[in-house]
Amino acid sequence: MAFENMKTMLHKARHEGYAVGAFNIVDLNSTRAVIDAASELRAPVIIQTSPKTVIFWGPQILAGWVKSLAQQSPFPVALHLDHCKDLEVIRQCIEAGWTSVMIDASSRPYQENLALTRQVVGIAATSDVSVEAELGEIGGVEDDKSVADADARLADPANAESFCRQVEIDCLAPAIGTAHGIYKGEPRIAFDRLAEISRRVPLPLALHGGTGLSPDVFRQCIRLGCAKVNISTQLKHTFFDSFVGYHGEHRDQYDPLKALACQYERLKQDVRCLIELFGARGKGE
Ligand SMILES: [Zn+2]
């Protein structure tokens, strides 16, 4: 199947009460693991790339892998640019074939966030690319951006409603207390706020900082309108632990393909478990 627009996937998910996993990949092996896991479960999936990963490989090469793997899958695959502040990178990704982009202007005042988001929606519209925007400020570390807990601001429901009326985005990421990276204590999720945002905003919502949330928290957030769940940190850990772990157990072997095969299986297993948890099994049909 060719790429599918994220908008189509997420509308169906919000309507039917499940979430599509958006998994951050870093190379061909991790991309293959995510697409194969989704395909085995007949689920739609979002391949998510950080701007750092895009710059490391180059947009053309990266889009080439994802496209060729997506074509082998009979189920919908979207290619999404995560947390980007740089309009030039956004333009390059759209040109190279990304199906959606996230403009992250959340550290700016409301009006500036709105103006920049509008600009990106204008650029994306000419190529039928979907747009995700962030309101409030999600804590933790993502790529080179670090937001201290004290600076993380939750999204205001009234602002969320007016923002989505003033600019035609396809998905909103409201800060609701989750954080990027590893949680230091028990995450405090503002479920009431999420419920209020969900009541005022009919769009699919994106849940960031998914790594380390309990199955129960995931289920509640999905029930309250989160139709996209981002997973990055967990896969980074599995990426390293599986590769290094394999070598630790086979010290005399220097066959990279065996270590890559082990890494692929472990990543695929993680992604399968999460897709099941998000209720997306069979939803790609
Ligand atoms: Zn995020």
# chains A, B, ... in the order shown; residues from 1 in each chain; ligands from 1

$ residues_near_ligand --ligand "ligand 1" --cutoff "8 Å" --atoms "only C-alpha atoms and all ligand atoms" --output "VMD selection string"
chain A and resid 82 to 83 138 142 179 to 180 207 to 209 230

$ write_last_selection --atoms "all heavy atoms" --output "compact mmCIF listing (two decimals), in the first residue's frame"
# COMPACT_ATOMS: atom_id res chain seq x y z
N ASP A 82 8.42 14.83 13.36
CA ASP A 82 8.10 15.13 14.76
C ASP A 82 8.72 16.48 15.16
O ASP A 82 9.78 16.86 14.62
CB ASP A 82 8.70 13.98 15.60
CG ASP A 82 8.13 13.86 16.99
OD1 ASP A 82 7.05 14.42 17.24
OD2 ASP A 82 8.76 13.17 17.83
N HIS A 83 8.11 17.18 16.11
CA HIS A 83 8.65 18.42 16.71
C HIS A 83 9.65 19.20 15.86
O HIS A 83 10.85 19.12 16.08
CB HIS A 83 9.38 18.07 18.02
CG HIS A 83 8.47 17.68 19.11
ND1 HIS A 83 7.74 18.59 19.83
CD2 HIS A 83 8.17 16.46 19.60
CE1 HIS A 83 7.03 17.94 20.74
NE2 HIS A 83 7.26 16.65 20.62
N ILE A 138 5.21 20.70 26.45
CA ILE A 138 5.44 19.36 26.98
C ILE A 138 6.84 19.31 27.59
O ILE A 138 7.80 19.77 26.98
CB ILE A 138 5.26 18.30 25.86
CG1 ILE A 138 3.83 18.34 25.32
CG2 ILE A 138 5.62 16.91 26.35
CD1 ILE A 138 3.61 17.65 24.00
N GLU A 142 13.63 16.28 24.14
CA GLU A 142 13.28 15.73 22.83
C GLU A 142 14.29 16.31 21.85
O GLU A 142 14.39 17.53 21.73
CB GLU A 142 11.85 16.16 22.47
CG GLU A 142 11.39 15.75 21.08
CD GLU A 142 10.87 14.33 21.01
OE1 GLU A 142 10.48 13.78 22.04
OE2 GLU A 142 10.88 13.75 19.91
N ALA A 179 5.64 13.74 29.71
CA ALA A 179 6.94 14.36 29.42
C ALA A 179 7.75 13.44 28.52
O ALA A 179 7.59 12.21 28.53
CB ALA A 179 7.70 14.60 30.72
N HIS A 180 8.63 14.04 27.75
CA HIS A 180 9.54 13.26 26.90
C HIS A 180 10.64 12.64 27.77
O HIS A 180 11.01 13.20 28.79
CB HIS A 180 10.18 14.17 25.86
CG HIS A 180 9.19 14.78 24.92
ND1 HIS A 180 9.03 16.13 24.78
CD2 HIS A 180 8.29 14.21 24.08
CE1 HIS A 180 8.09 16.38 23.88
NE2 HIS A 180 7.63 15.23 23.44
N LEU A 207 -0.86 12.22 21.91
CA LEU A 207 -0.29 12.03 23.24
C LEU A 207 1.22 11.87 23.09
O LEU A 207 1.70 10.89 22.52
CB LEU A 207 -0.89 10.77 23.88
CG LEU A 207 -0.42 10.42 25.29
CD1 LEU A 207 -0.89 11.47 26.30
CD2 LEU A 207 -0.92 9.04 25.70
N HIS A 208 1.95 12.85 23.59
CA HIS A 208 3.42 12.79 23.54
C HIS A 208 3.95 12.21 24.85
O HIS A 208 3.23 12.15 25.85
CB HIS A 208 4.00 14.19 23.32
CG HIS A 208 3.83 14.66 21.91
ND1 HIS A 208 4.90 14.99 21.10
CD2 HIS A 208 2.72 14.84 21.15
CE1 HIS A 208 4.45 15.35 19.91
NE2 HIS A 208 3.14 15.28 19.91
N GLY A 209 5.23 11.80 24.84
CA GLY A 209 5.83 11.28 26.07
C GLY A 209 5.22 9.96 26.50
O GLY A 209 4.95 9.73 27.67
N ASN A 230 2.70 8.86 20.69
CA ASN A 230 4.11 8.91 20.28
C ASN A 230 4.98 8.06 21.21
O ASN A 230 4.91 8.19 22.43
CB ASN A 230 4.63 10.35 20.40
CG ASN A 230 4.07 11.25 19.33
OD1 ASN A 230 3.12 10.89 18.62
ND2 ASN A 230 4.65 12.42 19.21

$ residues_around --residues "range 86-93 of chain A" --least-positions-apart "4" --cutoff "8 Å" --atoms "only C-alpha atoms" --output "JSON, numbers by chain"
{"A": [51, 59, 81, 97, 98, 101, 120, 123]}

$ write_last_selection --atoms "all heavy atoms" --output "PDB file, in the first residue's frame"
ATOM      1  N   PRO A  51      13.662  15.834  13.565  1.00  0.00           N
ATOM      2  CA  PRO A  51      14.454  16.638  12.618  1.00  0.00           C
ATOM      3  C   PRO A  51      15.928  16.207  12.628  1.00  0.00           C
ATOM      4  O   PRO A  51      16.579  16.210  11.581  1.00  0.00           O
ATOM      5  CB  PRO A  51      14.295  18.065  13.151  1.00  0.00           C
ATOM      6  CG  PRO A  51      13.011  18.053  13.916  1.00  0.00           C
ATOM      7  CD  PRO A  51      12.880  16.673  14.484  1.00  0.00           C
ATOM      8  N   PRO A  59      16.782  13.936   3.822  1.00  0.00           N
ATOM      9  CA  PRO A  59      15.369  13.596   3.625  1.00  0.00           C
ATOM     10  C   PRO A  59      15.116  12.607   2.491  1.00  0.00           C
ATOM     11  O   PRO A  59      14.260  11.731   2.613  1.00  0.00           O
ATOM     12  CB  PRO A  59      14.694  14.941   3.335  1.00  0.00           C
ATOM     13  CG  PRO A  59      15.746  15.983   3.336  1.00  0.00           C
ATOM     14  CD  PRO A  59      17.040  15.387   3.767  1.00  0.00           C
ATOM     15  N   LEU A  81       6.909  14.034  10.391  1.00  0.00           N
ATOM     16  CA  LEU A  81       8.043  14.778  10.966  1.00  0.00           C
ATOM     17  C   LEU A  81       7.643  15.257  12.354  1.00  0.00           C
ATOM     18  O   LEU A  81       6.671  15.995  12.505  1.00  0.00           O
ATOM     19  CB  LEU A  81       8.396  15.967  10.056  1.00  0.00           C
ATOM     20  CG  LEU A  81       9.472  16.926  10.572  1.00  0.00           C
ATOM     21  CD1 LEU A  81      10.836  16.241  10.658  1.00  0.00           C
ATOM     22  CD2 LEU A  81       9.566  18.162   9.658  1.00  0.00           C
ATOM     23  N   GLY A  97       8.435  13.948   0.303  1.00  0.00           N
ATOM     24  CA  GLY A  97       7.322  12.994   0.341  1.00  0.00           C
ATOM     25  C   GLY A  97       6.735  12.691   1.709  1.00  0.00           C
ATOM     26  O   GLY A  97       5.923  11.765   1.837  1.00  0.00           O
ATOM     27  N   TRP A  98       7.112  13.402   2.771  1.00  0.00           N
ATOM     28  CA  TRP A  98       6.478  13.177   4.076  1.00  0.00           C
ATOM     29  C   TRP A  98       4.980  13.426   3.929  1.00  0.00           C
ATOM     30  O   TRP A  98       4.567  14.314   3.150  1.00  0.00           O
ATOM     31  CB  TRP A  98       7.046  14.148   5.124  1.00  0.00           C
ATOM     32  CG  TRP A  98       8.148  13.585   5.971  1.00  0.00           C
ATOM     33  CD1 TRP A  98       8.066  13.297   7.306  1.00  0.00           C
ATOM     34  CD2 TRP A  98       9.492  13.250   5.585  1.00  0.00           C
ATOM     35  NE1 TRP A  98       9.268  12.805   7.763  1.00  0.00           N
ATOM     36  CE2 TRP A  98      10.155  12.757   6.730  1.00  0.00           C
ATOM     37  CE3 TRP A  98      10.196  13.295   4.382  1.00  0.00           C
ATOM     38  CZ2 TRP A  98      11.481  12.340   6.702  1.00  0.00           C
ATOM     39  CZ3 TRP A  98      11.514  12.866   4.361  1.00  0.00           C
ATOM     40  CH2 TRP A  98      12.138  12.394   5.498  1.00  0.00           C
ATOM     41  N   VAL A 101       3.526  16.746   9.025  1.00  0.00           N
ATOM     42  CA  VAL A 101       4.608  17.425   9.755  1.00  0.00           C
ATOM     43  C   VAL A 101       4.038  18.013  11.037  1.00  0.00           C
ATOM     44  O   VAL A 101       2.860  18.351  11.109  1.00  0.00           O
ATOM     45  CB  VAL A 101       5.237  18.579   8.921  1.00  0.00           C
ATOM     46  CG1 VAL A 101       5.916  18.048   7.667  1.00  0.00           C
ATOM     47  CG2 VAL A 101       4.203  19.638   8.542  1.00  0.00           C
ATOM     48  N   VAL A 120       2.827  27.154   8.283  1.00  0.00           N
ATOM     49  CA  VAL A 120       3.100  25.754   7.926  1.00  0.00           C
ATOM     50  C   VAL A 120       1.876  25.115   7.258  1.00  0.00           C
ATOM     51  O   VAL A 120       2.014  24.383   6.280  1.00  0.00           O
ATOM     52  CB  VAL A 120       3.546  24.946   9.174  1.00  0.00           C
ATOM     53  CG1 VAL A 120       3.615  23.461   8.886  1.00  0.00           C
ATOM     54  CG2 VAL A 120       4.894  25.460   9.653  1.00  0.00           C
ATOM     55  N   ILE A 123       1.960  26.069   3.693  1.00  0.00           N
ATOM     56  CA  ILE A 123       2.981  25.332   2.915  1.00  0.00           C
ATOM     57  C   ILE A 123       2.493  23.903   2.661  1.00  0.00           C
ATOM     58  O   ILE A 123       2.612  23.367   1.559  1.00  0.00           O
ATOM     59  CB  ILE A 123       4.329  25.276   3.685  1.00  0.00           C
ATOM     60  CG1 ILE A 123       4.890  26.682   3.930  1.00  0.00           C
ATOM     61  CG2 ILE A 123       5.355  24.404   2.960  1.00  0.00           C
ATOM     62  CD1 ILE A 123       6.050  26.721   4.938  1.00  0.00           C
TER      63      ILE A 123
END

$ residues_around --residues "Leu154 in chain A" --least-positions-apart "5" --cutoff "9 Å" --atoms "only C-alpha atoms" --output "PyMOL selection string"
chain A and resi 135-138+174-177+190+193

$ residues_around --residues "Pro256 in chain A" --least-positions-apart "5" --cutoff "12 Å" --atoms "only C-alpha atoms" --output "ChimeraX atom specification"
/A:243-244,246-247,250,261-263

$ write_last_selection --atoms "N, CA and C atoms" --output "compact mmCIF listing (two decimals), in the first residue's frame"
# COMPACT_ATOMS: atom_id res chain seq x y z
N PHE A 243 21.11 -4.73 20.82
CA PHE A 243 22.36 -4.87 20.05
C PHE A 243 23.53 -5.20 20.99
N VAL A 244 23.65 -4.39 22.03
CA VAL A 244 24.74 -4.59 22.99
C VAL A 244 24.54 -5.91 23.74
N TYR A 246 23.06 -8.61 22.69
CA TYR A 246 23.40 -9.76 21.83
C TYR A 246 24.90 -9.99 21.84
N HIS A 247 25.64 -8.91 21.70
CA HIS A 247 27.10 -9.06 21.68
C HIS A 247 27.63 -9.55 23.03
N HIS A 250 27.30 -13.20 23.04
CA HIS A 250 28.04 -13.92 21.98
C HIS A 250 29.35 -13.18 21.74
N ALA A 261 19.59 -8.76 13.47
CA ALA A 261 18.38 -9.60 13.48
C ALA A 261 17.77 -9.62 14.88
N CYS A 262 18.63 -9.67 15.89
CA CYS A 262 18.16 -9.67 17.28
C CYS A 262 17.50 -8.32 17.59
N GLN A 263 18.14 -7.25 17.14
CA GLN A 263 17.60 -5.91 17.37
C GLN A 263 16.23 -5.76 16.69

$ closest_residue --among "A:Phe56, A:Phe191, A:Phe239, A:Tyr183" --to "Pro157 in chain A" --atoms "only C-alpha atoms"
A:Phe191

$ closest_residue --among "A:Ile189, A:Ile182, A:Val229, A:Val26" --to "Gly212 in chain A" --atoms "only C-alpha atoms"
A:Ile182

$ select_by_dssp --residues "range 52-210 of chain A" --states "strand (DSSP E or B)" --output "VMD selection string"
chain A and resid 77 to 84 100 to 103 130 to 135 137 139 to 142 145 to 147 153 171 to 174 179 to 180 205 to 207

$ closest_residue --among "A:Val66, A:Gln72, A:Phe23, A:Leu172" --to "Val131 in chain A" --atoms "only C-alpha atoms"
A:Leu172

$ atom_distance --atom1 "CA of Gly248 in chain A" --atom2 "CA of Gln269 in chain A"
20.3 Å

$ atom_distance --atom1 "CA of Asn29 in chain A" --atom2 "CA of Tyr264 in chain A"
6.2 Å

$ residues_around --residues "Ser100 in chain A" --least-positions-apart "3" --cutoff "6 Å" --atoms "only C-alpha atoms" --output "PyMOL selection string"
chain A and resi 80+129-131

$ write_last_selection --atoms "N, CA and C atoms" --output "PDB file, in the first residue's frame"
ATOM      1  N   HIS A  80       5.796  10.866   9.216  1.00  0.00           N
ATOM      2  CA  HIS A  80       5.542  12.108   9.958  1.00  0.00           C
ATOM      3  C   HIS A  80       6.836  12.718  10.487  1.00  0.00           C
ATOM      4  N   VAL A 129      -0.455  17.654   2.656  1.00  0.00           N
ATOM      5  CA  VAL A 129       0.269  17.120   3.820  1.00  0.00           C
ATOM      6  C   VAL A 129      -0.462  17.576   5.086  1.00  0.00           C
ATOM      7  N   SER A 130      -0.622  16.656   6.067  1.00  0.00           N
ATOM      8  CA  SER A 130      -1.321  17.017   7.310  1.00  0.00           C
ATOM      9  C   SER A 130      -0.379  17.715   8.279  1.00  0.00           C
ATOM     10  N   VAL A 131      -0.987  18.485   9.204  1.00  0.00           N
ATOM     11  CA  VAL A 131      -0.182  19.270  10.146  1.00  0.00           C
ATOM     12  C   VAL A 131      -0.628  19.019  11.586  1.00  0.00           C
TER      13      VAL A 131
END

$ residues_around --residues "Ala70 in chain A" --least-positions-apart "5" --cutoff "7 Å" --atoms "only C-alpha atoms" --output "PyMOL selection string"
chain A and resi 1-3+35+77

$ select_by_dssp --residues "range 66-250 of chain A" --states "helix (DSSP H, G or I)" --output "JSON, numbers by chain"
{"A": [66, 67, 68, 69, 70, 71, 72, 87, 88, 89, 90, 91, 92, 93, 94, 95, 96, 110, 111, 112, 113, 114, 115, 116, 117, 118, 119, 120, 121, 122, 123, 124, 125, 149, 150, 151, 157, 158, 159, 160, 161, 162, 163, 164, 165, 166, 191, 192, 193, 194, 195, 196, 197, 198, 199, 200, 215, 216, 217, 218, 219, 220, 221, 222, 223, 233, 234, 235, 236, 237, 238, 239, 240, 241, 242, 243, 244, 245, 246, 247, 248, 249]}

$ residues_around --residues "Ile46 in chain A" --least-positions-apart "4" --cutoff "6 Å" --atoms "only C-alpha atoms" --output "PyMOL selection string"
chain A and resi 22+77-79

$ write_last_selection --atoms "N, CA and C atoms" --output "PDB file, in the first residue's frame"
ATOM      1  N   ALA A  22       2.689   6.177  16.827  1.00  0.00           N
ATOM      2  CA  ALA A  22       3.658   6.935  16.025  1.00  0.00           C
ATOM      3  C   ALA A  22       5.024   6.627  16.626  1.00  0.00           C
ATOM      4  N   VAL A  77       0.499   3.235   5.993  1.00  0.00           N
ATOM      5  CA  VAL A  77       1.697   3.743   6.673  1.00  0.00           C
ATOM      6  C   VAL A  77       1.783   5.251   6.387  1.00  0.00           C
ATOM      7  N   ALA A  78       2.001   6.039   7.424  1.00  0.00           N
ATOM      8  CA  ALA A  78       2.204   7.484   7.223  1.00  0.00           C
ATOM      9  C   ALA A  78       3.638   7.819   7.624  1.00  0.00           C
ATOM     10  N   LEU A  79       4.168   8.873   7.034  1.00  0.00           N
ATOM     11  CA  LEU A  79       5.525   9.323   7.382  1.00  0.00           C
ATOM     12  C   LEU A  79       5.416  10.737   7.948  1.00  0.00           C
TER      13      LEU A  79
END

$ closest_residue --among "A:Cys171, A:Val34, A:Ala195, A:Ile103" --to "Arg223 in chain A" --atoms "only C-alpha atoms"
A:Ala195

$ closest_residue --among "A:Val121, A:Leu235, A:Leu224, A:Leu203" --to "Lys268 in chain A" --atoms "only C-alpha atoms"
A:Leu235
